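Novice: Quick one: the structure is below, and I'll ask about it shortly.
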Amino acid sequence: MRRDDFTGLLLPDKGQDARLIEVVRAADFDSWLTSQPPRARAAATAQRLSAAAQSTAIIPGDTAEQWSAAIVIADPARLDTWALARLAETLPEGCYRLAGGDVGGAGLGWLLAQHRFDRYRKAESVGPRTLLSSAPAGIGETVSLAAATAWVRDLVNTGASDLGPAELEAEADDLAKAHGATLAVTRGEALASGYPMIHCVGQAAARERAPRLIELEWGNPAHPRVAIIGKGVCFDSGGLDIKPSAGMRLMKKDMGGAAHALALAALIMESRLKLRLHLLVPAVENAIAGNAFRPGDVLRTRAGLTVENTNTDAEGRLILGDALTRAGEGTPALIIDFATLTGAARVALGPDLPATFSNDDALAAELLAAGAAVDDPLWRLPLWDGYDDMLKSDIADLINAPDGGFAGAMTAALFLRRFVPDNTPWAHLDTFAWRPSARPGRPRGGDALGLRAVWSVLKSRFST
């Protein structure tokens with residue numbers, strides 16, 4: 001997580017020279033335009049400034065050097081995260097302040113609009129656009145959230161040839177060293193005997209991409225224990241139930257849950273929340289080889305259950321099952337997992353809304369309220385007990401994926417619930433971790449969806 005990527009882009013307002021950004025309420029646009037001098041009206045009209053939200057224009061002053069920016073917002077009384085992102089992408093290099101108000105939550109969008117993933121191409125030579133804030137106390141957290149979100153984006157955007165289980169381990173190792181945490185990695189025979197489902201899913205990968213369970217622990221053992229789990233399938237071919245080429249195209253992003261978990265752990269440790277953190281990342285590649293696990297295989301689990309494998313492309317829930325069991329052994333006060341788990345969640349809710357499941361109504365309500373407050377929306381789906389029968393097996397304790405596809409996101413969550421200790425509050429976020437189309441501040445590609453909502457809840461619960 002690199003905070004220095006955003007150094008100097010959001011600064012305290014100490015009266016520095018800065019160009020003004022005028023925020024115009026959409027309902028007042030006509031009267032605002034009428035009130036402008038003829039030169040300004042002509043410039044706004046030429047740039048097609050309109051009452052449409054996020055419409056922008058450069059407004060000339062009395063001289064060529066004296067100009068300001070205008071942006072139309074539906075309700076300037078609440079600047080949402082992305083309200084100023086279009087300006088941050090398009091304004092010339094320089095320093096800016098809002099006319100008549102503080103940036104509020106829009107500072108985060110301002111920062112993220114200037115982030116670029118440039119690992120595989122020459123970086124754009126675009127100068128910084130600095131925004132001044134009259135609330136300097138909030139700048140530090142805003143920069144941290146921007147860095148965490150950018151880290152998720154960068155990890156998800158990285159090609160699988162450059163980001164396998166070993167590289168995820170290296171990221172976790174760097175994170176542990178940065179914050180004085182301890183790192184433990186289980187692989188090889190210890191993985192096969194202790195975490196059979198993680199081993200089984202990843203056993204067909206090349207030796208240098210061998211499966212492993214990555215665990216990080218941090219914080220005072222006397223504080224409440226919180227387990228954060230992230231699905232780390234670094235590439236998903238589908239296994240022997242191979243995906244079609246269209247379905248495999250984006251499967252470098254199947255470690256998006258791990259990226260979210262790592263970024264959330266970084267926020268927790270950087271802010272020194274009053275909790276005992278247990279981060280778990282089961283890291284595998286679901287590959288195809290002569291020793292790949294097969295449909296019809298009965299898998300052992302760390303929990304002692306047996307699972308009849310009905311679909312090798314339903315591998316994420318398998319590795320999460322062993323990780324959830326391990327998390328529960330520490331008697332946590334809370335378990336949260338992130339996973340790019342099912343296409344069914346995307347069919348139901350589209351790319352922007354992580355499907356959220358929880359065995360605790362209060363936790364679910366808290367997560368949804370936090371998501372709405374920080375412009376990181378979630379949508380709750382039920383753990384419908386009536387569908388538990390879909391997981392019945394004729395020869396084992398349960399199957400991993402029912403035939404037919406009905407309620408696919410729910411049956412996946414119900415499978416995971418089998419590995420959560422009774423009476424332990426748990427939330428599962430089935431997130432896409434990807435934006436299929438660009439929006440201001442949110443380029444096409446990897447993204448953090450649900451990260452800020454969960455962070456807001458943890459900060460509220462454990463900051464004091």
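Letters A, B, ... mark the chains of the structure tokens in the order given; residue numbers begin at 1 per chain; ligand numbers begin at 1, in order shown.
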Excluding Arg442 in chain A and its own-chain neighbours fewer than 5 positions away, which residues fall within 9 Å of it when counting only C-alpha atoms? Please give them as a VMD selection string.
Specialist: chain A and resid 82 85 109 112 to 113 435 437 447
Novice: Got a sec to tell me which of range 211-445 of chain A DSSP assigns to strand (DSSP E or B), as a VMD selection string?
Specialist: chain A and resid 212 to 218 225 to 230 232 to 236 276 to 286 298 to 300 306 to 308 334 to 339 355 to 358 379 to 380 398 to 399 426 to 430 434 to 435 439 442 445
Novice: Using only C-alpha atoms, determine which residues lie at most 12 Å from Thr90 in chain A, disregarding the query and same-chain residues fewer than 6 positions distant; provide the list as a compact mmCIF listing (two decimals) with all heavy atoms, in the first residue's frame.
Specialist:
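Here's the written file part-v9.txt:
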```
# COMPACT_ATOMS: atom_id res chain seq x y z
N SER A 55 -21.46 17.70 -15.30
CA SER A 55 -21.09 18.56 -16.41
C SER A 55 -20.07 19.59 -15.92
O SER A 55 -20.21 20.16 -14.84
CB SER A 55 -22.34 19.28 -16.95
OG SER A 55 -22.03 20.10 -18.04
N THR A 56 -19.01 19.80 -16.69
CA THR A 56 -17.93 20.69 -16.25
C THR A 56 -17.55 21.68 -17.35
O THR A 56 -17.80 21.45 -18.53
CB THR A 56 -16.67 19.88 -15.86
OG1 THR A 56 -16.16 19.22 -17.03
CG2 THR A 56 -16.98 18.84 -14.80
N ALA A 57 -16.93 22.76 -16.92
CA ALA A 57 -16.44 23.77 -17.87
C ALA A 57 -15.39 24.63 -17.20
O ALA A 57 -15.36 24.75 -15.97
CB ALA A 57 -17.59 24.65 -18.38
N ILE A 58 -14.52 25.23 -18.01
CA ILE A 58 -13.57 26.25 -17.56
C ILE A 58 -14.23 27.61 -17.78
O ILE A 58 -14.68 27.92 -18.89
CB ILE A 58 -12.25 26.17 -18.34
CG1 ILE A 58 -11.60 24.80 -18.12
CG2 ILE A 58 -11.32 27.29 -17.91
CD1 ILE A 58 -11.19 24.52 -16.71
N ALA A 69 -13.00 26.84 -12.48
CA ALA A 69 -13.70 25.67 -13.00
C ALA A 69 -15.10 25.63 -12.41
O ALA A 69 -15.33 26.05 -11.27
CB ALA A 69 -12.95 24.39 -12.66
N ILE A 71 -18.51 22.94 -11.93
CA ILE A 71 -19.05 21.59 -12.07
C ILE A 71 -20.46 21.59 -11.53
O ILE A 71 -20.77 22.24 -10.52
CB ILE A 71 -18.19 20.54 -11.33
CG1 ILE A 71 -18.74 19.14 -11.58
CG2 ILE A 71 -18.07 20.83 -9.83
CD1 ILE A 71 -17.80 18.02 -11.18
N LEU A 84 -16.18 15.11 -7.52
CA LEU A 84 -15.16 15.94 -8.15
C LEU A 84 -14.18 15.14 -9.00
O LEU A 84 -13.19 15.67 -9.49
CB LEU A 84 -14.38 16.71 -7.07
CG LEU A 84 -15.21 17.58 -6.13
CD1 LEU A 84 -14.31 18.22 -5.08
CD2 LEU A 84 -15.98 18.64 -6.90
N TRP A 110 -11.18 12.47 -5.67
CA TRP A 110 -10.16 13.34 -6.29
C TRP A 110 -8.82 12.60 -6.37
O TRP A 110 -8.14 12.64 -7.39
CB TRP A 110 -10.03 14.61 -5.46
CG TRP A 110 -9.04 15.60 -5.98
CD1 TRP A 110 -7.69 15.63 -5.75
CD2 TRP A 110 -9.31 16.72 -6.83
NE1 TRP A 110 -7.12 16.70 -6.39
CE2 TRP A 110 -8.09 17.38 -7.07
CE3 TRP A 110 -10.48 17.23 -7.41
CZ2 TRP A 110 -8.00 18.52 -7.86
CZ3 TRP A 110 -10.39 18.37 -8.20
CH2 TRP A 110 -9.16 19.01 -8.42
N ALA A 113 -8.98 9.44 -8.82
CA ALA A 113 -9.07 9.81 -10.23
C ALA A 113 -7.69 10.03 -10.84
O ALA A 113 -7.54 9.99 -12.07
CB ALA A 113 -9.93 11.07 -10.38
N GLN A 114 -6.68 10.24 -9.99
CA GLN A 114 -5.34 10.49 -10.50
C GLN A 114 -4.43 9.27 -10.40
O GLN A 114 -3.25 9.34 -10.74
CB GLN A 114 -4.72 11.67 -9.76
CG GLN A 114 -5.51 12.97 -9.97
CD GLN A 114 -4.88 14.15 -9.30
OE1 GLN A 114 -3.80 14.63 -9.68
NE2 GLN A 114 -5.54 14.66 -8.27
N VAL A 126 1.45 13.38 -16.64
CA VAL A 126 0.42 14.34 -16.25
C VAL A 126 0.79 14.91 -14.89
O VAL A 126 1.06 14.17 -13.95
CB VAL A 126 -0.97 13.67 -16.17
CG1 VAL A 126 -2.02 14.68 -15.74
CG2 VAL A 126 -1.33 13.05 -17.51
N GLY A 127 0.83 16.22 -14.81
CA GLY A 127 1.19 16.86 -13.55
C GLY A 127 0.12 16.70 -12.50
O GLY A 127 -1.05 16.44 -12.81
N PRO A 128 0.46 16.87 -11.24
CA PRO A 128 -0.50 16.69 -10.15
C PRO A 128 -1.53 17.80 -10.10
O PRO A 128 -1.26 18.95 -10.41
CB PRO A 128 0.38 16.69 -8.90
CG PRO A 128 1.58 17.50 -9.29
CD PRO A 128 1.81 17.20 -10.74
N ARG A 129 -2.70 17.42 -9.68
CA ARG A 129 -3.78 18.37 -9.42
C ARG A 129 -4.07 18.29 -7.93
O ARG A 129 -4.54 17.28 -7.43
CB ARG A 129 -5.02 18.01 -10.24
CG ARG A 129 -4.73 17.90 -11.73
CD ARG A 129 -5.89 17.25 -12.48
NE ARG A 129 -5.59 17.07 -13.88
CZ ARG A 129 -5.20 15.93 -14.44
NH1 ARG A 129 -5.02 14.85 -13.69
NH2 ARG A 129 -4.96 15.86 -15.73
N PRO A 440 -16.06 8.34 -13.87
CA PRO A 440 -15.10 9.27 -13.28
C PRO A 440 -14.47 8.72 -12.01
O PRO A 440 -15.17 8.31 -11.09
CB PRO A 440 -15.94 10.52 -13.01
CG PRO A 440 -17.01 10.48 -14.04
CD PRO A 440 -17.34 9.03 -14.19
N GLY A 441 -13.15 8.67 -11.99
CA GLY A 441 -12.43 8.17 -10.83
C GLY A 441 -12.35 6.67 -10.72
O GLY A 441 -11.69 6.13 -9.83
```
Novice: Give me, as a list in words, all polymer residues having an atom no more than 6 Å from Asp430 in chain A, counting only C-alpha atoms and skipping those fewer than 4 positions away in the same chain.
Specialist: Ala339, Thr340, Leu341, Pro354 and Ala355 of chain A
Novice: Take CA of Ala192 in chain A and CA of Lys253 in chain A and report the distance between them in Å, one decimal.
Specialist: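 Separating CA of Ala192 in chain A from CA of Lys253 in chain A is a distance of 25.3 Å.
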Novice: From the list A:Ile229, A:Ile214, A:Val457, A:Ala46, which residue is nearest Ala373 in chain A when using only C-alpha atoms?
Specialist: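 The closest residue to Ala373 in chain A is A:Val457.
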Novice: Could you build a table of the residues in range 145-174 of chain A lying no more than 8 Å from range 1-19 of chain A, giving for each the nearest pair of atoms and their separation in Å rounded to one decimal place, using only C-alpha atoms, ordered by chain and ascending residue number, as JSON lines?
Specialist:
```
{"residue": "A:Ala146", "atom": "CA", "partner": "A:Phe6", "partner_atom": "CA", "distance": 7.8}
{"residue": "A:Ala147", "atom": "CA", "partner": "A:Arg3", "partner_atom": "CA", "distance": 5.3}
{"residue": "A:Ala148", "atom": "CA", "partner": "A:Met1", "partner_atom": "CA", "distance": 5.8}
{"residue": "A:Ala150", "atom": "CA", "partner": "A:Met1", "partner_atom": "CA", "distance": 7.7}
{"residue": "A:Trp151", "atom": "CA", "partner": "A:Met1", "partner_atom": "CA", "distance": 5.5}
```
Novice: With a distance cut-off of 12 Å and only C-alpha atoms, select the neighbouring residues of Asp389 in chain A, excluding the residue or stretch itself and same-chain residues fewer than 3 positions from it, and output the selection as a count of residues only.
Specialist: 14
